[in-house]
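Content type mmCIF, C-alpha atoms and all ligand atoms, from the file model_4.cif:
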```
data_coords
loop_
_atom_site.label_atom_id
_atom_site.label_comp_id
_atom_site.auth_asym_id
_atom_site.auth_seq_id
_atom_site.Cartn_x
_atom_site.Cartn_y
_atom_site.Cartn_z
CA MET A 1 0.00 0.00 0.00
CA GLN A 2 1.43 3.37 -1.13
CA ILE A 3 0.74 6.44 0.98
CA THR A 4 3.14 8.86 -0.72
CA GLN A 5 0.54 11.64 -1.19
CA SER A 6 -0.49 11.42 2.48
CA LYS A 7 3.14 11.50 3.59
CA SER A 8 3.97 14.59 1.54
CA LEU A 9 0.77 16.37 2.62
CA PHE A 10 1.63 15.64 6.25
CA GLU A 11 5.16 17.03 5.81
CA LYS A 12 3.73 20.21 4.26
CA ALA A 13 0.92 20.47 6.85
CA LYS A 14 3.45 20.48 9.70
CA ASN A 15 4.82 23.80 8.36
CA TYR A 16 1.48 25.54 8.72
CA ILE A 17 -0.70 23.64 11.21
CA PRO A 18 0.45 22.70 14.73
CA GLY A 19 1.46 19.03 14.51
CA GLY A 20 0.07 18.97 10.97
CA VAL A 21 -3.53 18.34 12.07
CA ASN A 22 -6.57 20.22 13.31
CA SER A 23 -7.33 17.76 16.12
CA PRO A 24 -4.49 15.93 17.94
CA VAL A 25 -5.60 12.27 17.66
CA ARG A 26 -5.53 12.54 13.86
CA ALA A 27 -1.72 12.71 13.91
CA PHE A 28 -1.48 8.95 14.76
CA ARG A 29 0.99 9.66 17.57
CA ALA A 30 -0.55 6.93 19.76
CA VAL A 31 -0.06 4.27 17.07
CA GLY A 32 3.00 5.45 15.16
CA GLY A 33 3.33 6.02 11.41
CA ASP A 34 1.98 8.86 9.31
CA PRO A 35 -1.71 9.76 9.20
CA ILE A 36 -3.60 9.15 5.98
CA PHE A 37 -5.20 12.18 4.35
CA ILE A 38 -8.75 11.60 3.21
CA LYS A 39 -10.06 12.67 -0.18
CA LYS A 40 -13.62 11.37 -0.03
CA ALA A 41 -15.93 8.94 1.72
CA ASP A 42 -18.92 6.95 0.60
CA GLY A 43 -21.03 4.32 2.35
CA ALA A 44 -18.77 2.02 4.37
CA PHE A 45 -15.54 3.35 2.81
CA ILE A 46 -13.14 6.24 3.05
CA TYR A 47 -10.55 6.91 0.34
CA ASP A 48 -7.17 8.51 0.88
CA GLU A 49 -5.21 10.87 -1.36
CA ASP A 50 -3.33 7.86 -2.82
CA ASP A 51 -6.71 6.30 -3.75
CA ASN A 52 -6.50 3.52 -1.17
CA ALA A 53 -9.94 2.43 0.11
CA TYR A 54 -10.54 1.58 3.77
CA ILE A 55 -13.55 0.01 5.49
CA GLU A 56 -14.69 2.50 8.11
CA LEU A 57 -15.02 1.63 11.78
CA ILE A 58 -14.81 5.19 13.16
CA ASN A 59 -17.29 6.99 10.93
CA SER A 60 -16.00 10.48 11.65
CA TRP A 61 -15.91 9.58 15.36
CA GLY A 62 -19.57 8.67 15.40
CA PRO A 63 -21.80 10.93 13.32
CA MET A 64 -22.03 8.77 10.18
CA ILE A 65 -24.37 6.16 11.63
CA LEU A 66 -25.91 5.46 8.21
CA GLY A 67 -22.51 5.43 6.46
CA HIS A 68 -20.77 8.25 4.62
CA ASN A 69 -22.23 10.60 2.06
CA HIS A 70 -25.76 9.29 2.50
CA PRO A 71 -27.83 10.53 -0.48
CA MET A 72 -30.65 11.69 1.81
CA ILE A 73 -28.33 13.94 3.88
CA ARG A 74 -26.42 15.14 0.83
CA GLU A 75 -29.61 16.20 -0.93
CA ALA A 76 -30.93 17.98 2.17
CA VAL A 77 -27.68 19.97 2.43
CA ILE A 78 -27.60 20.89 -1.26
CA LYS A 79 -31.24 21.97 -1.16
CA ALA A 80 -30.71 24.09 1.95
CA MET A 81 -27.66 25.77 0.40
CA GLU A 82 -29.74 27.12 -2.45
CA ASN A 83 -31.30 29.51 0.07
CA GLY A 84 -28.09 30.80 1.65
CA THR A 85 -25.54 29.49 4.13
CA SER A 86 -26.19 31.54 7.29
CA PHE A 87 -28.72 34.09 8.49
CA GLY A 88 -27.91 34.71 12.17
CA ALA A 89 -31.67 34.82 12.79
CA PRO A 90 -34.26 32.24 13.84
CA THR A 91 -35.51 29.69 11.30
CA ALA A 92 -38.40 27.21 11.05
CA ARG A 93 -35.93 24.31 10.90
CA GLU A 94 -34.59 25.14 14.38
CA VAL A 95 -38.09 24.88 15.82
CA GLU A 96 -38.62 21.58 14.03
CA ILE A 97 -35.35 20.01 15.22
CA ALA A 98 -35.94 21.19 18.81
CA GLU A 99 -39.40 19.61 18.79
CA LEU A 100 -37.93 16.38 17.45
CA ILE A 101 -35.13 16.23 20.02
CA VAL A 102 -37.64 16.79 22.82
CA ALA A 103 -39.74 13.94 21.42
CA MET A 104 -36.76 11.57 21.09
CA VAL A 105 -34.61 12.18 24.19
CA PRO A 106 -36.43 11.36 27.45
CA SER A 107 -34.77 14.01 29.69
CA VAL A 108 -35.03 16.92 27.27
CA GLU A 109 -37.94 19.34 27.64
CA LYS A 110 -36.13 22.33 26.15
CA VAL A 111 -32.98 22.42 24.04
CA ARG A 112 -30.40 24.94 22.80
CA MET A 113 -28.38 24.27 19.63
CA VAL A 114 -24.63 25.01 19.59
CA ASN A 115 -21.78 24.20 17.19
CA SER A 116 -19.88 21.35 18.88
CA GLY A 117 -19.94 18.87 21.74
CA THR A 118 -17.38 21.04 23.53
CA GLU A 119 -19.73 24.02 23.49
CA ALA A 120 -22.59 21.83 24.69
CA THR A 121 -20.75 20.56 27.79
CA MET A 122 -19.21 23.94 28.67
CA SER A 123 -22.63 25.54 28.46
CA ALA A 124 -24.38 22.78 30.41
CA ILE A 125 -21.96 23.18 33.33
CA ARG A 126 -22.44 26.95 33.31
CA VAL A 127 -26.22 26.55 33.38
CA ALA A 128 -26.05 23.97 36.19
CA ARG A 129 -23.89 26.39 38.20
CA GLY A 130 -26.30 29.25 37.53
CA PHE A 131 -29.28 27.08 38.46
CA THR A 132 -27.84 25.76 41.74
CA GLY A 133 -25.71 28.76 42.75
CA ARG A 134 -22.84 26.33 43.42
CA ASP A 135 -19.34 26.24 41.83
CA LYS A 136 -17.95 22.70 41.92
CA PHE A 137 -18.76 19.75 39.70
CA ILE A 138 -17.83 16.08 39.55
CA LYS A 139 -16.27 14.51 36.48
CA MET A 140 -15.17 10.90 35.97
CA GLU A 141 -11.56 9.93 35.33
CA GLY A 142 -11.00 9.02 31.68
CA HIS A 143 -14.23 10.61 30.46
CA TYR A 144 -13.93 13.25 27.76
CA HIS A 145 -16.26 16.20 27.46
CA GLY A 146 -14.41 18.26 24.87
CA HIS A 147 -11.65 20.75 25.54
CA GLY A 148 -13.28 23.31 27.83
CA ASP A 149 -10.79 24.39 30.52
CA SER A 150 -12.65 22.88 33.45
CA PHE A 151 -12.74 19.42 31.80
CA LEU A 152 -8.97 19.23 31.15
CA ILE A 153 -8.23 18.10 34.66
CA SER A 154 -6.29 15.10 36.01
CA ALA A 155 -7.01 13.26 39.19
CA GLY A 156 -5.61 14.62 42.42
CA SER A 157 -3.78 12.29 44.76
CA GLY A 158 -6.89 10.77 46.32
CA ALA A 159 -10.56 10.26 45.63
CA VAL A 160 -11.61 13.22 47.74
CA THR A 161 -8.98 15.72 46.61
CA MET A 162 -9.51 18.33 43.93
CA GLY A 163 -8.08 18.04 40.44
CA ASN A 164 -4.90 19.39 38.84
CA PRO A 165 -4.67 21.15 35.46
CA ASP A 166 -4.00 18.58 32.73
CA SER A 167 -2.85 21.10 30.14
CA PRO A 168 -0.75 24.23 30.32
CA GLY A 169 -3.12 27.17 30.03
CA VAL A 170 -5.68 25.73 32.44
CA THR A 171 -5.37 27.59 35.72
CA LYS A 172 -5.21 26.05 39.19
CA GLY A 173 -8.16 28.27 40.03
CA THR A 174 -10.23 26.52 37.37
CA ALA A 175 -9.01 23.05 38.37
CA LYS A 176 -9.99 23.48 42.00
CA ASP A 177 -13.68 23.37 41.11
CA THR A 178 -13.44 20.11 39.18
CA LEU A 179 -13.69 17.05 41.42
CA LEU A 180 -12.61 13.71 39.97
CA ALA A 181 -14.01 10.27 40.66
CA PRO A 182 -13.38 6.82 39.22
CA TYR A 183 -16.21 5.55 36.98
CA ASN A 184 -18.43 2.70 38.19
CA ASP A 185 -17.71 3.45 41.86
CA LEU A 186 -20.66 4.84 43.83
CA GLU A 187 -18.72 4.89 47.08
CA ALA A 188 -16.21 7.36 45.64
CA ILE A 189 -19.09 9.68 44.73
CA GLU A 190 -20.52 9.43 48.25
CA LYS A 191 -17.11 10.43 49.65
CA LEU A 192 -16.83 13.43 47.33
CA VAL A 193 -20.34 14.55 48.15
CA THR A 194 -19.70 14.30 51.89
CA ALA A 195 -16.41 16.19 51.63
CA ASN A 196 -18.02 18.96 49.54
CA LYS A 197 -21.47 19.11 51.10
CA GLY A 198 -23.78 21.66 49.47
CA GLU A 199 -21.04 22.88 47.10
CA ILE A 200 -21.51 20.60 44.08
CA ALA A 201 -23.55 22.01 41.19
CA ALA A 202 -23.35 19.09 38.79
CA LEU A 203 -22.17 15.58 38.13
CA ILE A 204 -21.31 15.04 34.47
CA LEU A 205 -20.44 11.72 32.89
CA GLU A 206 -20.60 9.71 29.72
CA PRO A 207 -23.27 7.21 30.82
CA VAL A 208 -21.55 4.62 28.63
CA PRO A 209 -18.04 5.99 28.24
CA GLY A 210 -16.34 5.63 24.88
CA ASN A 211 -13.37 7.90 25.48
CA MET A 212 -11.27 5.47 27.51
CA GLY A 213 -12.26 2.73 25.11
CA LEU A 214 -15.79 1.44 25.59
CA VAL A 215 -16.75 0.70 29.21
CA ILE A 216 -20.16 -0.54 30.36
CA PRO A 217 -21.90 0.81 33.49
CA LYS A 218 -22.21 -1.74 36.29
CA GLU A 219 -25.73 -2.78 37.17
CA GLY A 220 -27.36 -0.14 39.36
CA TYR A 221 -24.56 2.39 38.84
CA LEU A 222 -26.52 4.97 36.82
CA GLU A 223 -29.54 4.50 39.09
CA GLY A 224 -27.25 5.04 42.10
CA LEU A 225 -25.95 8.31 40.66
CA ARG A 226 -29.52 9.45 40.06
CA LYS A 227 -30.40 8.80 43.70
CA ILE A 228 -27.35 10.63 45.08
CA CYS A 229 -27.97 13.64 42.82
CA ASP A 230 -31.66 13.78 43.85
CA ARG A 231 -30.74 13.60 47.52
CA GLU A 232 -28.02 16.28 47.26
CA GLY A 233 -29.71 18.68 44.80
CA ILE A 234 -26.96 18.04 42.24
CA VAL A 235 -27.75 18.44 38.52
CA LEU A 236 -27.07 15.08 36.83
CA ILE A 237 -25.74 15.63 33.31
CA PHE A 238 -25.42 12.77 30.82
CA ASP A 239 -22.91 13.61 28.11
CA GLU A 240 -24.48 11.72 25.24
CA VAL A 241 -22.39 13.33 22.50
CA MET A 242 -21.29 9.81 21.48
CA THR A 243 -24.18 7.67 22.69
CA GLY A 244 -27.09 9.97 21.79
CA PHE A 245 -29.18 8.59 18.89
CA ARG A 246 -26.68 5.70 18.69
CA LEU A 247 -27.32 3.27 21.54
CA SER A 248 -31.03 3.82 20.94
CA LYS A 249 -33.22 6.58 19.53
CA GLY A 250 -33.21 8.24 22.95
CA GLY A 251 -29.58 7.38 23.72
CA ALA A 252 -28.13 5.62 26.78
CA GLN A 253 -30.76 7.21 29.04
CA GLU A 254 -33.53 5.44 27.16
CA LEU A 255 -31.60 2.16 27.00
CA PHE A 256 -30.88 2.11 30.74
CA GLY A 257 -34.10 3.82 31.84
CA VAL A 258 -32.31 6.47 33.90
CA THR A 259 -33.28 10.09 33.23
CA PRO A 260 -30.70 12.80 33.88
CA ASP A 261 -31.56 16.46 34.55
CA MET A 262 -29.56 17.66 31.56
CA THR A 263 -28.16 16.03 28.43
CA THR A 264 -25.42 17.12 26.04
CA LEU A 265 -25.55 16.02 22.42
CA GLY A 266 -23.38 16.22 19.30
CA LYS A 267 -22.07 14.11 16.42
CA ILE A 268 -25.17 12.31 14.95
CA ILE A 269 -27.35 15.33 15.72
CA GLY A 270 -25.58 17.23 12.92
CA GLY A 271 -25.49 14.43 10.35
CA GLY A 272 -21.79 15.21 9.84
CA MET A 273 -22.09 19.02 10.08
CA PRO A 274 -20.61 20.91 13.09
CA VAL A 275 -23.49 20.77 15.60
CA GLY A 276 -23.98 20.21 19.31
CA ALA A 277 -26.89 20.76 21.68
CA TYR A 278 -27.70 20.81 25.35
CA GLY A 279 -31.08 20.38 26.91
CA GLY A 280 -32.92 19.26 29.98
CA LYS A 281 -35.70 19.99 32.39
CA LYS A 282 -37.72 23.12 31.66
CA GLU A 283 -36.96 24.76 34.99
CA ILE A 284 -33.20 24.39 34.40
CA MET A 285 -33.23 25.41 30.73
CA GLU A 286 -35.31 28.48 31.60
CA PHE A 287 -32.10 29.79 33.20
CA VAL A 288 -30.53 30.14 29.73
CA SER A 289 -30.39 33.62 28.20
CA PRO A 290 -32.62 35.35 27.04
CA ALA A 291 -35.23 33.43 29.10
CA GLY A 292 -32.94 33.55 32.14
CA PRO A 293 -29.69 35.03 33.45
CA VAL A 294 -27.06 32.48 32.24
CA TYR A 295 -25.41 33.83 29.11
CA GLN A 296 -24.72 31.60 26.11
CA ALA A 297 -24.79 32.56 22.43
CA GLY A 298 -23.43 31.72 18.95
CA THR A 299 -23.14 33.50 15.57
CA LEU A 300 -23.56 30.22 13.69
CA SER A 301 -25.73 28.36 16.22
CA GLY A 302 -28.70 26.71 14.50
CA ASN A 303 -26.98 27.21 11.14
CA PRO A 304 -29.51 26.44 8.38
CA ILE A 305 -27.29 23.96 6.51
CA ALA A 306 -26.30 22.11 9.67
CA MET A 307 -29.96 22.01 10.78
CA ALA A 308 -31.03 20.60 7.42
CA ALA A 309 -28.50 17.76 7.75
CA GLY A 310 -29.34 17.08 11.40
CA LEU A 311 -33.08 17.24 10.91
CA THR A 312 -32.93 14.80 8.00
CA MET A 313 -30.81 12.40 10.05
CA LEU A 314 -32.96 12.57 13.19
CA ASN A 315 -36.24 12.30 11.28
CA TYR A 316 -34.94 9.18 9.59
CA LEU A 317 -33.77 7.59 12.84
CA ASN A 318 -37.04 8.50 14.55
CA GLU A 319 -39.06 6.79 11.84
CA HIS A 320 -36.84 3.72 11.38
CA ASP A 321 -36.55 1.59 14.51
CA GLU A 322 -35.04 -1.14 12.36
CA VAL A 323 -31.81 0.90 12.14
CA TYR A 324 -31.06 -0.01 15.75
CA THR A 325 -31.86 -3.69 15.24
CA GLN A 326 -29.58 -3.67 12.23
CA LEU A 327 -26.77 -1.86 14.07
CA ASN A 328 -27.00 -4.27 17.00
CA GLN A 329 -26.81 -7.23 14.65
CA ILE A 330 -23.75 -5.79 12.91
CA GLY A 331 -22.10 -5.18 16.31
CA ASP A 332 -22.97 -8.70 17.49
CA LYS A 333 -21.51 -10.31 14.36
CA ILE A 334 -18.25 -8.36 14.49
CA VAL A 335 -17.71 -8.90 18.19
CA ALA A 336 -18.63 -12.62 18.03
CA GLY A 337 -16.10 -12.96 15.19
CA ILE A 338 -13.36 -11.17 17.14
CA ARG A 339 -14.04 -13.29 20.23
CA SER A 340 -13.90 -16.52 18.25
CA SER A 341 -10.68 -15.39 16.58
CA LEU A 342 -9.13 -14.63 19.97
CA GLU A 343 -10.19 -18.03 21.25
CA GLY A 344 -8.86 -19.81 18.17
CA LEU A 345 -5.48 -18.16 18.66
CA GLY A 346 -5.41 -18.87 22.40
CA LEU A 347 -5.52 -15.14 23.24
CA ASP A 348 -7.42 -13.74 26.18
CA TYR A 349 -7.98 -10.06 25.45
CA THR A 350 -11.01 -8.13 26.66
CA VAL A 351 -13.74 -7.02 24.29
CA ASN A 352 -16.30 -4.52 25.60
CA HIS A 353 -19.39 -4.16 23.46
CA LEU A 354 -22.75 -2.44 23.44
CA GLY A 355 -24.89 -2.13 20.30
CA SER A 356 -22.86 -0.42 17.58
CA MET A 357 -19.91 0.48 19.83
CA TYR A 358 -17.04 -1.79 20.85
CA SER A 359 -13.39 -1.82 21.95
CA LEU A 360 -10.79 -4.57 21.86
CA PHE A 361 -8.48 -3.96 24.82
CA PHE A 362 -5.05 -5.58 24.78
CA THR A 363 -5.30 -6.75 28.37
CA ASN A 364 -6.73 -9.93 29.82
CA SER A 365 -8.19 -8.18 32.86
CA LYS A 366 -11.72 -6.77 32.90
CA VAL A 367 -12.00 -3.12 31.88
CA THR A 368 -14.51 -1.30 34.09
CA ASP A 369 -12.88 2.11 34.62
CA PHE A 370 -9.91 4.24 33.53
CA ALA A 371 -7.41 2.51 35.82
CA SER A 372 -8.24 -0.93 34.38
CA ALA A 373 -8.32 0.44 30.79
CA LYS A 374 -4.72 1.57 31.35
CA HIS A 375 -3.62 -2.05 31.85
CA SER A 376 -3.83 -2.37 28.06
CA ASP A 377 -0.66 -2.93 26.06
CA THR A 378 -0.79 0.20 23.92
CA ALA A 379 2.31 -0.77 21.89
CA LEU A 380 0.57 -3.99 20.87
CA PHE A 381 -2.55 -2.00 19.99
CA GLY A 382 -0.37 0.22 17.76
CA LYS A 383 0.87 -2.84 15.85
CA TYR A 384 -2.68 -4.20 15.54
CA PHE A 385 -3.88 -0.82 14.26
CA GLN A 386 -1.11 -0.66 11.62
CA SER A 387 -1.82 -4.19 10.43
CA MET A 388 -5.55 -3.46 10.10
CA LEU A 389 -4.77 -0.24 8.20
CA ARG A 390 -2.46 -2.06 5.78
CA GLN A 391 -5.29 -4.52 5.19
CA GLY A 392 -7.73 -1.71 4.45
CA VAL A 393 -9.61 -1.37 7.75
CA TYR A 394 -9.64 2.06 9.38
CA LEU A 395 -9.79 1.96 13.21
CA ALA A 396 -9.60 4.77 15.75
CA PRO A 397 -5.85 5.51 16.12
CA SER A 398 -5.80 4.97 19.88
CA GLN A 399 -6.49 2.12 22.29
CA PHE A 400 -8.59 4.46 24.37
CA GLU A 401 -11.41 5.05 21.88
CA SER A 402 -14.56 3.18 21.06
CA LEU A 403 -15.27 2.12 17.49
CA PHE A 404 -18.50 3.27 15.84
CA LEU A 405 -20.31 1.02 13.39
CA SER A 406 -22.65 2.10 10.61
CA THR A 407 -25.55 0.46 8.79
CA ALA A 408 -23.40 0.52 5.63
CA LEU A 409 -21.47 -2.56 6.82
CA SER A 410 -22.72 -5.52 4.77
CA ASP A 411 -22.12 -9.15 5.72
CA GLN A 412 -19.44 -9.31 3.06
CA LEU A 413 -17.60 -6.35 4.59
CA ILE A 414 -17.99 -7.79 8.08
CA GLY A 415 -16.31 -10.94 6.70
CA LYS A 416 -13.41 -8.80 5.42
CA ILE A 417 -13.06 -7.01 8.76
CA LEU A 418 -12.94 -10.33 10.61
CA GLU A 419 -10.42 -11.79 8.18
CA ALA A 420 -8.19 -8.74 8.66
CA ASN A 421 -8.63 -8.98 12.42
CA ASN A 422 -7.49 -12.61 12.42
CA VAL A 423 -4.43 -11.82 10.28
CA ALA A 424 -3.57 -8.81 12.48
CA LEU A 425 -3.85 -10.79 15.71
CA LYS A 426 -1.58 -13.51 14.27
CA GLU A 427 0.90 -10.98 12.89
CA ILE A 428 1.37 -9.13 16.16
CA HIS A 429 2.05 -12.35 18.06
CA GLN A 430 4.67 -13.71 15.67
N1 LIG B 1 -18.35 14.76 24.82
C1 LIG B 1 -18.06 13.53 24.37
C2 LIG B 1 -18.60 12.34 25.12
C3 LIG B 1 -17.26 13.35 23.27
O1 LIG B 1 -16.96 12.13 22.85
C4 LIG B 1 -16.76 14.50 22.59
C5 LIG B 1 -15.91 14.35 21.41
O2 LIG B 1 -15.50 13.30 21.01
C6 LIG B 1 -17.11 15.75 23.08
C7 LIG B 1 -17.90 15.86 24.19
C8 LIG B 1 -16.62 16.99 22.39
O3 LIG B 1 -17.27 17.13 21.17
P1 LIG B 1 -16.61 18.01 20.00
O4 LIG B 1 -15.41 17.27 19.53
O5 LIG B 1 -17.71 18.10 18.98
O6 LIG B 1 -16.29 19.34 20.59
#
```
Would you write the structure of this file as structure tokens?
Ligand code: PLP
Amino acid sequence: MQITQSKSLFEKAKNYIPGGVNSPVRAFRAVGGDPIFIKKADGAFIYDEDDNAYIELINSWGPMILGHNHPMIREAVIKAMENGTSFGAPTAREVEIAELIVAMVPSVEKVRMVNSGTEATMSAIRVARGFTGRDKFIKMEGHYHGHGDSFLISAGSGAVTMGNPDSPGVTKGTAKDTLLAPYNDLEAIEKLVTANKGEIAALILEPVPGNMGLVIPKEGYLEGLRKICDREGIVLIFDEVMTGFRLSKGGAQELFGVTPDMTTLGKIIGGGMPVGAYGGKKEIMEFVSPAGPVYQAGTLSGNPIAMAAGLTMLNYLNEHDEVYTQLNQIGDKIVAGIRSSLEGLGLDYTVNHLGSMYSLFFTNSKVTDFASAKHSDTALFGKYFQSMLRQGVYLAPSQFESLFLSTALSDQLIGKILEANNVALKEIHQ
């Protein structure tokens, strides 16, 4: 496989763009080698600048749930563009998409559109602080909520200590209001709540985290968080930027039957355009400007082209329950194939799976939180990734990411993925 065009583009890009990319994980630093530069995508495939085709298992980090360049989305975008690309004024489409989101996502009674998942989570925390009049919030170790300052925080030295800045540029003052807890551990939350009584505005988490690789909530965990938040007057925020409209029509909250106070959304909601949203209970969302005192705004928020793509996507998902059956079947087939391959080769690695999301962790211990995810052999993952890429399968370039499947994966392509997986597993153990 030749990647000469990608290599020369990357060399040139490094002169003008920090690290040669516009989002760090794209640089392949966690897996080695040069990133491939993408020219186009269609259905289950992406194509690089050297005209190599790859079967897609990331799907733009989640949005392309129906596969790339879906004719229905493409046509909606083209049609919307005929009437102009931005107005900076309200539109009928925004009302329609808000009504649809409220109908689909159990916790959402009112919703505000923004331009990214990062904006959604930053805004949700601000609103929760405004609503409760408290400053601190709890975040889980290994969960990602975008790059807002108060989310770029590492664990302090113990479960009940405050966090430290994880990136230069984030101040200690900001970090002190972010409290960190391990995922799947209700006792740790109880300790934090006791140590910070009456000071915690919100608890934010990915209900089914995908950003430390895929991890599944233990039975009763989400329900336990709900109870603690109710008891303590803490706003429970589910960050469903990844899981929203993916694990089910109404996201993880619908699947697990636990309703948060607020929800953040992104990815699928924009059908591949830059969109995010946050919503929740009426009485909380009424705090958002201009209804209430918490300021949040955006020149391009509710952009007509982005709304056309998102509305088309959500309408389709809302009317086609069979999408989720199909996605679950695709996930089941791929994961069953990987497990049988591992068994055949006498390997004992952990596969976490839910619906159309999965992660193969290169560790034989269970992965239930960030600490256990870090037992993975990331060098081995890097070799596996490179082998899959050479065989034409595009994975997330990091061990600590979930994969995202699309309905474009036919049985024939699933067969190819599993063949490549078997070859890769053999290759890396030679
Ligand atoms: N929240 C979650 C759970 C995410 O996975 C991401 C991005 O991957 C974000 C927030 C940030 O979204 P964005 O990259 O659109 O800013």
(message) as a ChimeraX atom specification, please: every protein or nucleic acid residue near ligand LIG 1 (chain B) (cut-off 9 Å, counting only C-alpha atoms and all ligand atoms).
(response) /A:23,61-62,115-121,143-148,205-211,238-243,264-267,274-276
Between A:Met313, A:Ala420, A:Ile228, A:Val294, smallest distance to Ile65 of chain A by all atoms listed in the file belongs to A:Met313
inquiry  = Ranking A:Ile38, A:Ile73, A:Val111, A:Leu327 by minimum distance to Gln5 of chain A and counting all atoms listed in the file, which one comes first?
reply    =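 Smallest separation from Gln5 of chain A among the options: A:Ile38.
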Which residue out of A:Met357, A:Leu311, A:Ala181, A:Ala291 has the minimum interatomic distance to Phe404 of chain A when all atoms listed in the file are used?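 So, comparing all the options, the nearest one is A:Met357.
Among the candidates A:Arg226, A:Arg93, A:His68, A:Arg112, the one nearest to Phe45 of chain A when counting only C-alpha atoms is A:His68.
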Residues within 12 Å of (-0.5, 0.8, 15.8), counting all atoms listed in the file, listed as a PyMOL selection string:
chain A and resi 28-35+362+377-390+394-399+424+428
